[in-house]
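Pasting input_1.cif here (mmCIF, C-alpha atoms and all ligand atoms):
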```cif
data_input
#
loop_
_atom_site.label_atom_id
_atom_site.label_comp_id
_atom_site.auth_asym_id
_atom_site.auth_seq_id
_atom_site.Cartn_x
_atom_site.Cartn_y
_atom_site.Cartn_z
CA MET U 1 94.85 21.30 -18.84
CA THR U 2 97.39 23.65 -20.34
CA ASP U 3 97.10 26.12 -23.20
CA ASP U 4 98.97 23.65 -25.36
CA THR U 5 95.82 21.55 -25.76
CA LEU U 6 94.13 24.46 -27.57
CA LEU U 7 96.76 24.66 -30.31
CA PRO U 8 95.71 22.86 -33.48
CA PRO U 9 98.37 20.76 -35.21
CA PRO U 10 100.09 22.54 -38.14
CA PRO U 11 98.49 21.67 -41.51
CA GLU U 12 101.77 21.07 -43.37
CA PRO U 13 104.85 19.96 -41.50
CA PRO U 14 107.60 22.58 -42.01
CA PRO U 15 110.91 21.32 -43.39
CA PRO U 16 113.24 19.97 -40.70
CA CYS U 17 116.33 21.84 -39.51
CA ALA U 18 119.24 21.03 -41.81
CA THR U 19 121.62 20.54 -38.90
CA CYS U 20 119.80 18.61 -36.18
CA GLY U 21 117.11 17.22 -38.47
CA LYS U 22 114.25 18.30 -36.19
CA PRO U 23 111.15 20.33 -37.09
CA PRO U 24 111.78 24.04 -36.24
CA ASP U 25 109.84 23.96 -32.96
CA LEU U 26 111.90 21.01 -31.76
CA CYS U 27 115.26 22.27 -33.11
CA LEU U 28 117.99 21.37 -30.65
CA CYS U 29 120.97 22.96 -32.35
CA ALA U 30 121.48 25.41 -29.47
CA GLU U 31 121.95 22.45 -27.14
CA LEU U 32 124.33 20.48 -29.28
CA VAL U 33 127.76 21.45 -28.07
CA PRO U 34 130.39 19.24 -29.67
CA LEU U 35 132.53 17.50 -27.08
CA ARG U 36 136.01 16.21 -27.66
CA VAL U 37 136.37 12.48 -27.12
CA ARG U 38 139.26 10.17 -27.94
CA ARG U 39 137.20 7.58 -29.80
CA GLY U 40 135.80 7.95 -33.25
CA LEU U 41 132.07 7.60 -33.80
CA LEU U 42 130.27 6.45 -36.92
CA VAL U 43 126.48 6.21 -37.18
CA LEU U 44 124.94 4.41 -40.14
CA GLN U 45 121.34 5.36 -40.80
CA HIS U 46 118.92 3.63 -43.12
CA PRO U 47 117.55 6.15 -45.68
CA GLN U 48 113.99 5.26 -44.73
CA GLU U 49 114.46 5.96 -41.03
CA GLN U 50 111.40 8.19 -40.73
CA ASP U 51 111.42 9.21 -37.13
CA VAL U 52 112.29 12.88 -37.74
CA GLU U 53 110.78 14.05 -34.46
CA LEU U 54 112.06 11.47 -32.03
CA GLY U 55 115.08 10.01 -33.80
CA THR U 56 118.34 10.58 -31.95
CA ALA U 57 121.21 9.82 -34.37
CA ARG U 58 121.90 13.50 -35.12
CA LEU U 59 121.68 14.42 -31.47
CA LEU U 60 124.55 12.02 -30.86
CA THR U 61 126.76 12.91 -33.82
CA GLY U 62 126.04 16.62 -33.28
CA GLN U 63 127.62 16.41 -29.84
CA VAL U 64 130.75 14.44 -30.64
CA GLU U 65 133.59 16.22 -32.41
CA GLY U 66 134.52 14.51 -35.64
CA ALA U 67 131.56 12.10 -35.51
CA VAL U 68 130.31 10.84 -38.87
CA LEU U 69 126.66 10.21 -39.76
CA ARG U 70 126.05 8.35 -42.99
CA VAL U 71 122.61 7.91 -44.48
CA GLY U 72 122.52 5.12 -47.01
CA LEU U 73 122.23 1.41 -47.63
CA SER U 74 125.77 0.25 -48.28
CA TRP U 75 129.40 1.26 -48.23
CA PRO U 76 132.28 -0.86 -49.57
CA ASN U 77 134.21 -0.87 -46.29
CA LEU U 78 134.78 0.90 -42.98
CA ALA U 79 137.28 3.39 -44.42
CA LYS U 80 134.85 4.46 -47.14
CA ALA U 81 132.03 4.80 -44.64
CA LEU U 82 134.27 6.96 -42.46
CA GLY U 83 135.52 8.93 -45.44
CA ARG U 84 139.14 8.13 -44.62
CA PRO U 85 141.93 6.61 -46.71
CA GLN U 86 142.15 3.63 -44.37
CA ALA U 87 140.73 2.14 -41.19
CA ASP U 88 141.65 -0.84 -39.04
CA ASN U 89 138.63 -3.16 -38.73
CA ARG U 90 140.04 -4.82 -35.61
CA ARG U 91 140.29 -1.51 -33.80
CA TRP U 92 136.69 -0.53 -34.41
CA GLY U 93 133.70 -1.97 -32.60
CA VAL U 94 130.15 -2.21 -33.87
CA LEU U 95 127.43 -1.99 -31.27
CA HIS U 96 125.07 -4.96 -31.22
CA MET U 97 121.74 -4.47 -29.57
CA GLY U 98 118.89 -6.63 -28.55
CA SER U 99 120.26 -10.16 -28.37
CA LYS U 100 119.15 -11.21 -24.91
CA GLU U 101 121.66 -14.06 -24.78
CA ASP U 102 124.56 -11.71 -25.43
CA VAL U 103 123.33 -9.01 -23.08
CA ALA U 104 122.91 -11.57 -20.30
CA LYS U 105 126.61 -12.42 -20.56
CA VAL U 106 127.62 -8.80 -19.94
CA PRO U 107 127.46 -7.54 -16.34
CA ARG U 108 124.67 -4.98 -15.79
CA GLY U 109 126.03 -1.51 -16.46
CA GLY U 110 128.90 -2.96 -18.47
CA ILE U 111 130.28 -3.10 -21.98
CA ALA U 112 132.09 -6.06 -23.55
CA VAL U 113 133.60 -7.37 -26.74
CA MET U 114 132.04 -10.68 -27.69
CA GLY U 115 133.75 -13.63 -29.30
CA LYS U 116 132.08 -16.77 -30.61
CA SER U 117 131.50 -18.20 -27.16
CA GLY U 118 131.01 -15.14 -25.00
CA ILE U 119 133.07 -12.23 -23.73
CA LEU U 120 136.61 -12.24 -25.14
CA PRO U 121 139.20 -13.19 -22.52
CA GLU U 122 141.25 -10.17 -23.63
CA ASN U 123 138.16 -7.95 -23.37
CA ASP U 124 139.73 -5.11 -21.37
CA LEU U 125 142.72 -4.83 -23.68
CA VAL U 126 140.58 -4.82 -26.81
CA LEU U 127 138.22 -2.18 -25.37
CA ALA U 128 141.13 0.02 -24.32
CA ASP U 129 142.58 -0.27 -27.80
CA LEU U 130 139.35 0.58 -29.68
CA GLU U 131 139.77 3.50 -32.00
CA GLY U 132 136.07 4.03 -32.49
CA ILE U 133 132.57 2.59 -32.50
CA VAL U 134 129.88 2.16 -35.12
CA LEU U 135 126.18 2.41 -34.32
CA ILE U 136 123.34 1.41 -36.59
CA ASP U 137 120.28 3.65 -36.40
CA GLY U 138 116.81 2.60 -37.44
CA THR U 139 114.10 0.07 -36.86
CA TRP U 140 114.93 -3.57 -36.35
CA ALA U 141 114.18 -4.37 -39.99
CA GLN U 142 116.26 -1.42 -41.22
CA ALA U 143 119.20 -2.41 -39.04
CA LYS U 144 118.96 -5.96 -40.34
CA THR U 145 119.12 -4.66 -43.91
CA LEU U 146 122.21 -2.58 -43.14
CA TRP U 147 123.93 -5.60 -41.58
CA TRP U 148 123.12 -7.69 -44.60
CA ARG U 149 124.23 -5.02 -47.10
CA ASN U 150 127.49 -4.26 -45.31
CA PRO U 151 129.29 -7.54 -44.64
CA TRP U 152 132.43 -5.64 -43.55
CA LEU U 153 130.58 -4.91 -40.31
CA LEU U 154 131.22 -8.53 -39.37
CA LYS U 155 134.96 -7.88 -39.43
CA LEU U 156 134.68 -5.29 -36.69
CA ARG U 157 134.74 -6.10 -33.00
CA ARG U 158 131.31 -7.06 -31.75
CA VAL U 159 130.52 -4.78 -28.82
CA VAL U 160 127.56 -5.44 -26.53
CA ILE U 161 126.28 -3.17 -23.78
CA HIS U 162 124.06 -3.98 -20.82
CA PRO U 163 122.40 -0.66 -19.94
CA ASP U 164 121.59 -0.10 -16.27
CA PHE U 165 118.95 2.53 -17.04
CA ARG U 166 115.60 2.67 -18.76
CA SER U 167 115.27 4.56 -22.00
CA ALA U 168 113.86 8.07 -21.70
CA TYR U 169 111.62 7.09 -24.61
CA GLY U 170 109.28 5.45 -22.13
CA ASN U 171 106.17 4.75 -24.14
CA VAL U 172 106.22 7.68 -26.55
CA ARG U 173 107.76 5.68 -29.40
CA LYS U 174 105.29 5.00 -32.15
CA GLU U 175 107.01 1.91 -33.32
CA PRO U 176 108.58 -0.80 -31.20
CA ARG U 177 112.32 -1.09 -31.71
CA LYS U 178 114.45 -4.08 -31.21
CA GLU U 179 116.83 -2.18 -29.02
CA SER U 180 115.45 -1.04 -25.71
CA VAL U 181 117.40 2.24 -25.66
CA SER U 182 117.77 4.98 -28.27
CA THR U 183 120.82 5.33 -30.51
CA LEU U 184 121.82 8.40 -28.51
CA GLU U 185 121.50 6.63 -25.18
CA ALA U 186 123.41 3.59 -26.40
CA GLY U 187 126.19 5.72 -27.89
CA ALA U 188 126.42 7.91 -24.79
CA PHE U 189 126.61 4.85 -22.56
CA ALA U 190 129.28 3.19 -24.71
CA LEU U 191 131.40 6.34 -25.04
CA ALA U 192 131.23 7.08 -21.30
CA LYS U 193 132.49 3.55 -20.61
CA LEU U 194 135.17 3.53 -23.29
CA GLU U 195 136.46 6.97 -22.41
CA ASN U 196 136.22 6.26 -18.70
CA ARG U 197 134.20 9.45 -18.27
CA PRO U 198 130.97 8.50 -16.47
CA GLU U 199 129.69 12.09 -16.65
CA LEU U 200 129.60 11.88 -20.46
CA GLN U 201 126.46 9.80 -20.40
CA ALA U 202 124.27 12.41 -18.71
CA GLN U 203 125.95 15.20 -20.68
CA LEU U 204 125.26 13.57 -24.03
CA THR U 205 121.69 12.49 -23.25
CA LYS U 206 120.58 15.90 -21.92
CA PRO U 207 119.31 17.23 -25.29
CA PHE U 208 117.22 14.08 -25.58
CA ASP U 209 115.42 14.94 -22.31
CA THR U 210 114.83 18.43 -23.68
CA LEU U 211 113.51 16.98 -26.92
CA LEU U 212 111.08 14.67 -25.14
CA ASP U 213 109.86 17.50 -22.89
CA ARG U 214 109.17 19.74 -25.87
CA TRP U 215 107.59 16.93 -27.82
CA LYS U 216 105.25 16.04 -24.95
CA LYS U 217 104.30 19.70 -24.43
CA ARG U 218 103.54 20.06 -28.10
CA ARG U 219 101.44 16.91 -28.08
CA GLY U 220 99.54 18.08 -25.00
CA PRO U 221 98.26 15.96 -22.14
CA ARG U 222 97.16 12.58 -23.27
CA ARG U 223 96.88 9.19 -21.74
CA PRO U 224 100.03 7.23 -22.58
CA VAL U 225 99.58 4.61 -25.25
CA LYS U 226 100.60 1.16 -24.13
CA LEU U 227 102.59 -0.67 -26.74
CA ALA U 228 102.08 -4.35 -26.18
CA ALA U 229 105.01 -5.27 -28.39
CA GLU U 230 107.49 -2.94 -26.67
CA VAL U 231 110.61 -4.86 -25.76
CA PRO U 232 111.28 -4.58 -22.04
CA ASN U 233 114.62 -3.26 -20.85
CA ASP U 234 115.69 -6.53 -19.24
ZN ZN Q 301 118.43 22.35 -35.48
#
```
Using the file provided, produce a representation of the structure as structure tokens.
Ligand SMILES: [Zn+2]
Amino acid sequence: MTDDTLLPPPPEPPPPCATCGKPPDLCLCAELVPLRVRRGLLVLQHPQEQDVELGTARLLTGQVEGAVLRVGLSWPNLAKALGRPQADNRRWGVLHMGSKEDVAKVPRGGIAVMGKSGILPENDLVLADLEGIVLIDGTWAQAKTLWWRNPWLLKLRRVVIHPDFRSAYGNVRKEPRKESVSTLEAGAFALAKLENRPELQAQLTKPFDTLLDRWKKRRGPRRPVKLAAEVPND
């Protein structure tokens, strides 16, 4: 038993940090050092994404120079979502998560651009030419809504990853997600592959480990809750 178990939970949750979006005791701003990467990064977040404590979208965008986080339901096109005068749909990829059929086609630890019948023959060229990637943050239902409300997403390259690691979330997530890894972990994995900088993955996910450590300490020792509906990694 640690002293943490004696601390009662705060009566009113204090307002979250304006920058990282975390409650003050979990604030990770000091750990978010923006890194320069060649690819652009856009994260679309459903306005009802409620996971203030354990959500990771801001941890990702806070560490990537020039990254854009948009909270909303719809944008007319990619350029508007990015806040730029123009953007080339064919040079941006949108990360698809959770389709077992697609993931099975991608080698473990790999990333691929999918066509109608599997990995594009010109996969390597298309990946090398990608200007940026889009990630959708939220629950499965929220992500589905964003897909439906933003048909321009279908014009982007469909990028699928096959993570070769287990999410650091373990079984702390309150709500089962369709994707088996967090937005931060997926983005870190994809960027490390695209930029050909394997070290990026650990670098970008480090604040997430810190977050989970602090969160678990704050919660105190407790038997882990088994989520029957949790989607396994593979
Ligand atoms: Zn903060």
- Note on the structure: Here CA of Ala143 (chain U) and CA of Leu26 (chain U) stand apart by 25.6 Å
- List all protein, DNA and RNA residues that have any atom at most 10 Å from ligand ZN 301 (chain Q), counting only C-alpha atoms and all ligand atoms, and write the list as a PyMOL selection string. chain U and resi 16-32+58-59+62
- Would you mind telling me which residue in U:Val106, U:Leu154, U:Ile133, U:Leu35 lies nearest to Leu82 (chain U) when using only C-alpha atoms? U:Ile133
- Would you mind reading off the distance between CA of Trp75 (chain U) and CA of Asp88 (chain U), one decimal, in Å?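 Going from CA of Trp75 (chain U) over to CA of Asp88 (chain U), I get 15.5 Å.
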- In Å to one decimal, how far is CA of Arg218 (chain U) from CA of Leu7 (chain U)?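 CA of Leu7 (chain U) sits 8.5 Å away from CA of Arg218 (chain U).
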- Item | Polymer residues at most 9 Å from Gly83 (chain U), all atoms listed in the file, same-chain spacing of 4 or more positions, as a ChimeraX atom specification | /U:68,78-79
Residues as selected, C-alpha atoms, written as a PDB file, in the coordinates of the input, can you do that?
```pdb
ATOM      1  CA  VAL U  68     130.310  10.840 -38.870  1.00  0.00           C
ATOM      2  CA  LEU U  78     134.780   0.900 -42.980  1.00  0.00           C
ATOM      3  CA  ALA U  79     137.280   3.390 -44.420  1.00  0.00           C
TER       4      ALA U  79
END
```
- Query: Of the candidates U:Ser117, U:Thr139, U:Ser167, U:Ser99, which one gets nearest to Gln48 (chain U) if we count all atoms listed in the file?
  - Reply: U:Thr139
- Message: Under the rule that all atoms listed in the file are counted, which of U:Gly132, U:Gly109, U:Pro47, U:Pro221 is the nearest residue to Val94 (chain U)?
- Response: U:Gly132
- Query: Using only C-alpha atoms, which residues sit within 8 Å of Gly115 (chain U) once same-chain residues fewer than 4 positions away are excluded, as a PyMOL selection string?
  - Reply: chain U and resi 119-120+158
Name all residues at most 12 Å from Leu54 (chain U) (count only C-alpha atoms; drop same-chain ones fewer than 5 positions away) and give them as a PDB file with C-alpha atoms, keeping the file's coordinate frame.
```
ATOM      1  CA  CYS U  20     119.800  18.610 -36.180  1.00  0.00           C
ATOM      2  CA  GLY U  21     117.110  17.220 -38.470  1.00  0.00           C
ATOM      3  CA  LYS U  22     114.250  18.300 -36.190  1.00  0.00           C
ATOM      4  CA  PRO U  23     111.150  20.330 -37.090  1.00  0.00           C
ATOM      5  CA  LEU U  26     111.900  21.010 -31.760  1.00  0.00           C
ATOM      6  CA  CYS U  27     115.260  22.270 -33.110  1.00  0.00           C
ATOM      7  CA  LEU U  28     117.990  21.370 -30.650  1.00  0.00           C
ATOM      8  CA  GLU U  49     114.460   5.960 -41.030  1.00  0.00           C
ATOM      9  CA  LEU U  59     121.680  14.420 -31.470  1.00  0.00           C
ATOM     10  CA  GLY U 138     116.810   2.600 -37.440  1.00  0.00           C
ATOM     11  CA  ALA U 168     113.860   8.070 -21.700  1.00  0.00           C
ATOM     12  CA  TYR U 169     111.620   7.090 -24.610  1.00  0.00           C
ATOM     13  CA  GLY U 170     109.280   5.450 -22.130  1.00  0.00           C
ATOM     14  CA  ASN U 171     106.170   4.750 -24.140  1.00  0.00           C
ATOM     15  CA  VAL U 172     106.220   7.680 -26.550  1.00  0.00           C
ATOM     16  CA  ARG U 173     107.760   5.680 -29.400  1.00  0.00           C
ATOM     17  CA  LYS U 174     105.290   5.000 -32.150  1.00  0.00           C
ATOM     18  CA  GLU U 175     107.010   1.910 -33.320  1.00  0.00           C
ATOM     19  CA  SER U 182     117.770   4.980 -28.270  1.00  0.00           C
ATOM     20  CA  THR U 183     120.820   5.330 -30.510  1.00  0.00           C
ATOM     21  CA  LEU U 184     121.820   8.400 -28.510  1.00  0.00           C
ATOM     22  CA  PRO U 207     119.310  17.230 -25.290  1.00  0.00           C
ATOM     23  CA  PHE U 208     117.220  14.080 -25.580  1.00  0.00           C
ATOM     24  CA  ASP U 209     115.420  14.940 -22.310  1.00  0.00           C
ATOM     25  CA  THR U 210     114.830  18.430 -23.680  1.00  0.00           C
ATOM     26  CA  LEU U 211     113.510  16.980 -26.920  1.00  0.00           C
ATOM     27  CA  LEU U 212     111.080  14.670 -25.140  1.00  0.00           C
ATOM     28  CA  ASP U 213     109.860  17.500 -22.890  1.00  0.00           C
ATOM     29  CA  ARG U 214     109.170  19.740 -25.870  1.00  0.00           C
ATOM     30  CA  TRP U 215     107.590  16.930 -27.820  1.00  0.00           C
ATOM     31  CA  LYS U 216     105.250  16.040 -24.950  1.00  0.00           C
TER      32      LYS U 216
END
```
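Point (138.6, -3.5, -24.7) has the following residues at most 10 Å away: Arg91, Gly93, Ile111, Ala112, Val113, Leu120, Pro121, Glu122, Asn123, Asp124, Leu125, Val126, Leu127, Ala128, Asp129, Leu130, Arg157, Val159 and Leu194 of chain U (atoms considered: all atoms listed in the file).
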- Between U:Val52, U:Ala141, U:Leu146, U:Leu156, smallest distance to Gly72 (chain U) by all atoms listed in the file belongs to U:Leu146
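With all atoms listed in the file as the atoms that count, the residue of U:Leu69, U:Leu6, U:Ile136, U:Ala190 with the shortest distance to Val160 (chain U) is U:Ala190.
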- Task: Give the answer as one residue: which of U:Leu135, U:Leu153, U:Leu204, U:Met114 has the shortest atom-to-atom distance to Leu44 (chain U), using only C-alpha atoms?
- Result: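 Smallest distance to Leu44 (chain U) is found for U:Leu135.
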